[in-house]
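Visitor: Dumping the structure here so I can ask a few things about it.
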Amino acid sequence: MTEEERKELANLLFPNLEHDRDYYEKLYPKRNLDSNCMVTRYGPSPTGSVHLGNLFSAFCDMVYARQSNGVFYLRIEDTDQKRMIDGGIENITSVLHGFNILPNEGYSFSGEYGPYKQSDRTEIYQTYIKDLIIKGLAYPCFMSEEEQNTIKEEQAINKVKIGIYGHYAVDRDLSLTEIKEKLANGEEYVIRLKSPGNAKNIIEFIDCIKGKIKFPEHDVDTILLKKDKTPTYHLAHAIDDHLMHTTHVIRGDEWVSSLPLHYQLFQILDFKPVKYAHIAPITIKDQETGTIRKISKRKDPWAGVKFYEEGGIPIDALHLYLATIANTNFEEWYLKNQDKKIEDFNFTFEKMAIGGTSFDEAKFNNICKTYFSRKTGEEVFYETLEFAKKYDQDYANLLEENKLDMIKFLSIEKDGERPRKDIAKYSDVKEEFSYAIDTLFEKENYSKLDTDKNYDTNLILGYVNIYLDLNVTNEKWFNDIKDFATHNGYAASPKDFKKNPDNYKGHVGDICEAIRVMITGRRQSPDLFSIMKILGKDKIINRINFYKNFNN
RNA sequence: GGUCUAUUAGUCAAGGGGUCAAGACGCUGCCCUCUCAAGGCAGAAACACGGGUUCAAAUCCCGUAUAGACUACCA
């Protein structure tokens with residue numbers, strides 16, 4: 001076909017396009033950003049629910065854009081109308097809000113490079129395709145599905161690469177007259193890439209994460225525009241990421257094998273190439289089959305949003321986990337830098353895992369505990385309150401009624417070098433600190449106690465009435481109680497007791513245990529004296545009597 | 001079948017020719033002025049296999065095995 005014929009063909013196929021390629025090139029000028037700023041994008045397809053894997057890639061997009069003062073935008077990739085799900089788009093945006101992974105541009109977030117929904121960009125794609133046809137780099141293909149399936153089967157039998165390429169691409173060199181005839185017959189067609197590649201050439205790509213990858217050059221006449229004139233992912237990716245001036249395409253590594261195609265598309269479209277960073281999927285060893293698979297929202301509860309929301313797991317703790325799997329050196333850094341936040345860490349592609357990463361629930365739990373340990377009692381209080389307001393209104397009311405004391409309880413042993421690390425989720429607060437609120441304490445009474453031991457209430461009442469002074473230091477308090485112990489036939493320390501067990505009724509720890517049991521309903525608790533100070537003498541005595549009555 | 005990638009303790013992983021093969025989570029034991037949490041110390045636990053290159057290989061090369069991805073008018 002001559003150039004004149006190709007122009008005629010292009011106009012025949014796309015007679016009604018308002019603009020040309022140059023128009024769009026000018027419409028979306030280069031971004032006014034420093035050269036080191038990264039422009040990233042999250043491009044979900046609204047065809048199902050968002051899971052942790054999608055979120056992880058969005059998290060990476062956000063982190064890299066943020067730390068380079070760049071742009072992180074949201075683009076809805078909905079070119080396949082057949083697979084659309086009702087409410088799919090709303091679900092994506094609400095999940096992003098829920099997980100606090102917020103783009104600063106894009107669909108539903110405004111911006112100058114829109115529309116950010118691919119179904120609104122059909123004309124743009126067609127404009128570039130028209131240009132490709134004129135240049136002889138794309139052509140209409142009239143093959144039926146049956147014909148293509150036959151070829152596929154034949155290729156499978158002959159053990160050769162599957163696809164339309166070389167002599168299989170029968171419509172590649174159709175004459176203008178032939179095409180006109182087919183069009184006149186009303187035959188349906190797709191637009192295929194007229195691939196200029198040769199699979200004998202090996203080309204090397206640099207992936208930001210995976211490093212060098214070698215591939216045979218792309219030589220398949222891949223479909224660019226579907227029968228319904230909407231683009232395939234490949235075309236849309238090239239055009240959008242060019243026009244929206246993405247610098248780094250961060251996406252799942254299921255796309256690695258499309259690299260030769262995408263690279264070729266950027267070349268023939270005369271676009272500046274983008275950098276790619278293919279991230280490994282979050283995997284899980286399936287309990288039933290023992291195989292490694294991608295996480296699934298259905299099988300893995302922690303893969304869905306609700307697990308975190310309803311389970312009372314702070315989103316920031318999830319961010320910490322995502323950060324530790326995002327950069328292999330993050331975890332160590334975070335442990336060493338008590339006062340630092342995710343935002344202070346410098347993420348690099350080099351430190352991203354190349355293979356798959358298993359979701360490690362035990363580690364995640366530990367990270368959650370670390371998260372809480374670094375929060376002040378007051379912060380824990382308000383965050384727990386927010387959670388309770390959504391999922392446990394009764395407890396929320398109790399929290400508000402007991403706010404001041406509750407904050408004090410939550411602050412016990414929080415101020416030192418080694419803050420308490422006993423809470424992993426908001427719902428643990430109610431469990432762990434039930435003794436902090438009278439009504440809960442009375443309701444729970446001593447049901448959590450795992451002992452049949454009967455503690456001597458008269459001994460403890462005597463101690464509280466005579467010895468206990470709440471206005472002293474912890475050290476003084478402990479000396480007093482040791483004093484009390486020895487006067488009542490108990491050893492002042494467990495060591496003394498162990499040396500001569502027959503000389504004593506028990507040791508100071510037994511007395512502490514008795515107090516602890518009576519006032520908290522459990523044998524383990526944070527620092528006993530701190531708890532007593534917050535409760536005050538009256539409540540302490542009330543609770544001892546409560547215990548007394550309860551056991552009679 | 002073809003193409004690509006990966007494989008270091010139970011898990012996450014560092015290390016890219018010379019290391020006693022880091023560290024974290026989990027596990028075990030001991031210590032830590034009353035318990036628990038935390039912390040400290042100690043411990044068990046790993047380079048998939050077979051060849052080759054080299055004075056020297058977890059590291060480079062080639063096979064094999066295993067796993068994963070792609071091989072759609074899905075993204």
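Residue names in the structure tokens use chain letters A, B, ... in the order shown, residue numbers from 1 in each chain, and ligand numbers from 1 in the order shown.
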Output as a VMD selection string the set of chain A residues within 8 Å of chain B, with distances taken over only C-alpha atoms (C1' of nucleotides).
Guide: chain A and resid 45 77 80 83 156 to 157 159 to 162 190 213 215 223 225 to 227 233 253 to 258 292 325 328 331 to 332 354 to 358 360 362 to 363 366 418 to 422 508 to 510 512 to 513 523 to 526
Visitor: Just the residues within 12 Å of B:C49, please, counting only C-alpha atoms (C1' of nucleotides), with nothing from its chain fewer than 6 positions along; format it as a PyMOL selection string.
Guide: chain B and resi 7+63-66
Visitor: Go ahead and save the residues from that selection, with N, CA and C atoms (P, O5', C5', C4', C3', O3' and C1' of nucleotides), as a PDB file, in the first residue's frame.
Guide:
```pdb
ATOM      1  P     U B   7      16.485 -16.341  43.761  1.00  0.00           P
ATOM      2  O5'   U B   7      15.943 -17.684  44.445  1.00  0.00           O
ATOM      3  C5'   U B   7      14.917 -17.605  45.435  1.00  0.00           C
ATOM      4  C4'   U B   7      14.487 -19.017  45.779  1.00  0.00           C
ATOM      5  C3'   U B   7      15.577 -19.830  46.470  1.00  0.00           C
ATOM      6  O3'   U B   7      15.049 -20.534  47.579  1.00  0.00           O
ATOM      7  C1'   U B   7      14.828 -20.946  44.500  1.00  0.00           C
ATOM      8  P     G B  63      21.353 -24.652  29.754  1.00  0.00           P
ATOM      9  O5'   G B  63      21.456 -26.224  29.763  1.00  0.00           O
ATOM     10  C5'   G B  63      20.399 -26.965  30.262  1.00  0.00           C
ATOM     11  C4'   G B  63      20.902 -28.262  30.865  1.00  0.00           C
ATOM     12  C3'   G B  63      19.869 -28.870  31.787  1.00  0.00           C
ATOM     13  O3'   G B  63      18.955 -29.621  31.032  1.00  0.00           O
ATOM     14  C1'   G B  63      21.924 -28.734  32.921  1.00  0.00           C
ATOM     15  P     U B  64      17.441 -29.219  31.130  1.00  0.00           P
ATOM     16  O5'   U B  64      17.071 -29.990  32.467  1.00  0.00           O
ATOM     17  C5'   U B  64      17.395 -31.375  32.589  1.00  0.00           C
ATOM     18  C4'   U B  64      17.318 -31.799  34.022  1.00  0.00           C
ATOM     19  C3'   U B  64      16.060 -31.368  34.758  1.00  0.00           C
ATOM     20  O3'   U B  64      14.950 -32.191  34.452  1.00  0.00           O
ATOM     21  C1'   U B  64      17.935 -30.963  36.127  1.00  0.00           C
ATOM     22  P     A B  65      13.522 -31.585  34.469  1.00  0.00           P
ATOM     23  O5'   A B  65      13.256 -31.439  36.031  1.00  0.00           O
ATOM     24  C5'   A B  65      13.264 -32.587  36.875  1.00  0.00           C
ATOM     25  C4'   A B  65      13.200 -32.151  38.314  1.00  0.00           C
ATOM     26  C3'   A B  65      12.042 -31.222  38.643  1.00  0.00           C
ATOM     27  O3'   A B  65      10.851 -31.945  38.875  1.00  0.00           O
ATOM     28  C1'   A B  65      14.032 -30.357  39.569  1.00  0.00           C
ATOM     29  P     U B  66       9.497 -31.317  38.444  1.00  0.00           P
ATOM     30  O5'   U B  66       9.297 -30.186  39.543  1.00  0.00           O
ATOM     31  C5'   U B  66       9.100 -30.544  40.914  1.00  0.00           C
ATOM     32  C4'   U B  66       9.209 -29.320  41.777  1.00  0.00           C
ATOM     33  C3'   U B  66       8.284 -28.169  41.397  1.00  0.00           C
ATOM     34  O3'   U B  66       6.961 -28.366  41.860  1.00  0.00           O
ATOM     35  C1'   U B  66      10.443 -27.318  41.783  1.00  0.00           C
TER      36        U B  66
END
```
Visitor: Using DSSP assignments from the backbone, pull out every residue in stretch 284-447 of chain A that falls under alpha helix (DSSP H) and give it to me as a PyMOL selection string.
Guide: chain A and resi 305-311+315-326+330-336+361-373+377-391+393-401+403-410+426-432+438-444
Visitor: Would you list, as an MDAnalysis selection string, the residues of stretch 251-296 of chain A that end up in strand (DSSP E) under DSSP run on this structure's backbone?
Guide: chainID A and resid 251:252 275:279 282:285 292:294
Visitor: Neighbouring residues of B:U28 were defined as those with any atom within 12 Å, considering only C-alpha atoms (C1' of nucleotides); residues of the same chain fewer than 3 positions away were excluded. Please report them as a PyMOL selection string.
Guide: chain B and resi 42-45
Visitor: For the atom pair atom CA of A:Asp270 and atom CA of A:Asp22, what is the interatomic distance in Å to one decimal place?
Guide: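 Atom CA of A:Asp270 sits 12.2 Å away from atom CA of A:Asp22.
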Visitor: Between atom CA of A:Glu178 and atom CA of A:Arg6, what distance in Å does the model show, to one decimal?
Guide: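 Interatomic distance, atom CA of A:Glu178 to atom CA of A:Arg6: 13.0 Å.
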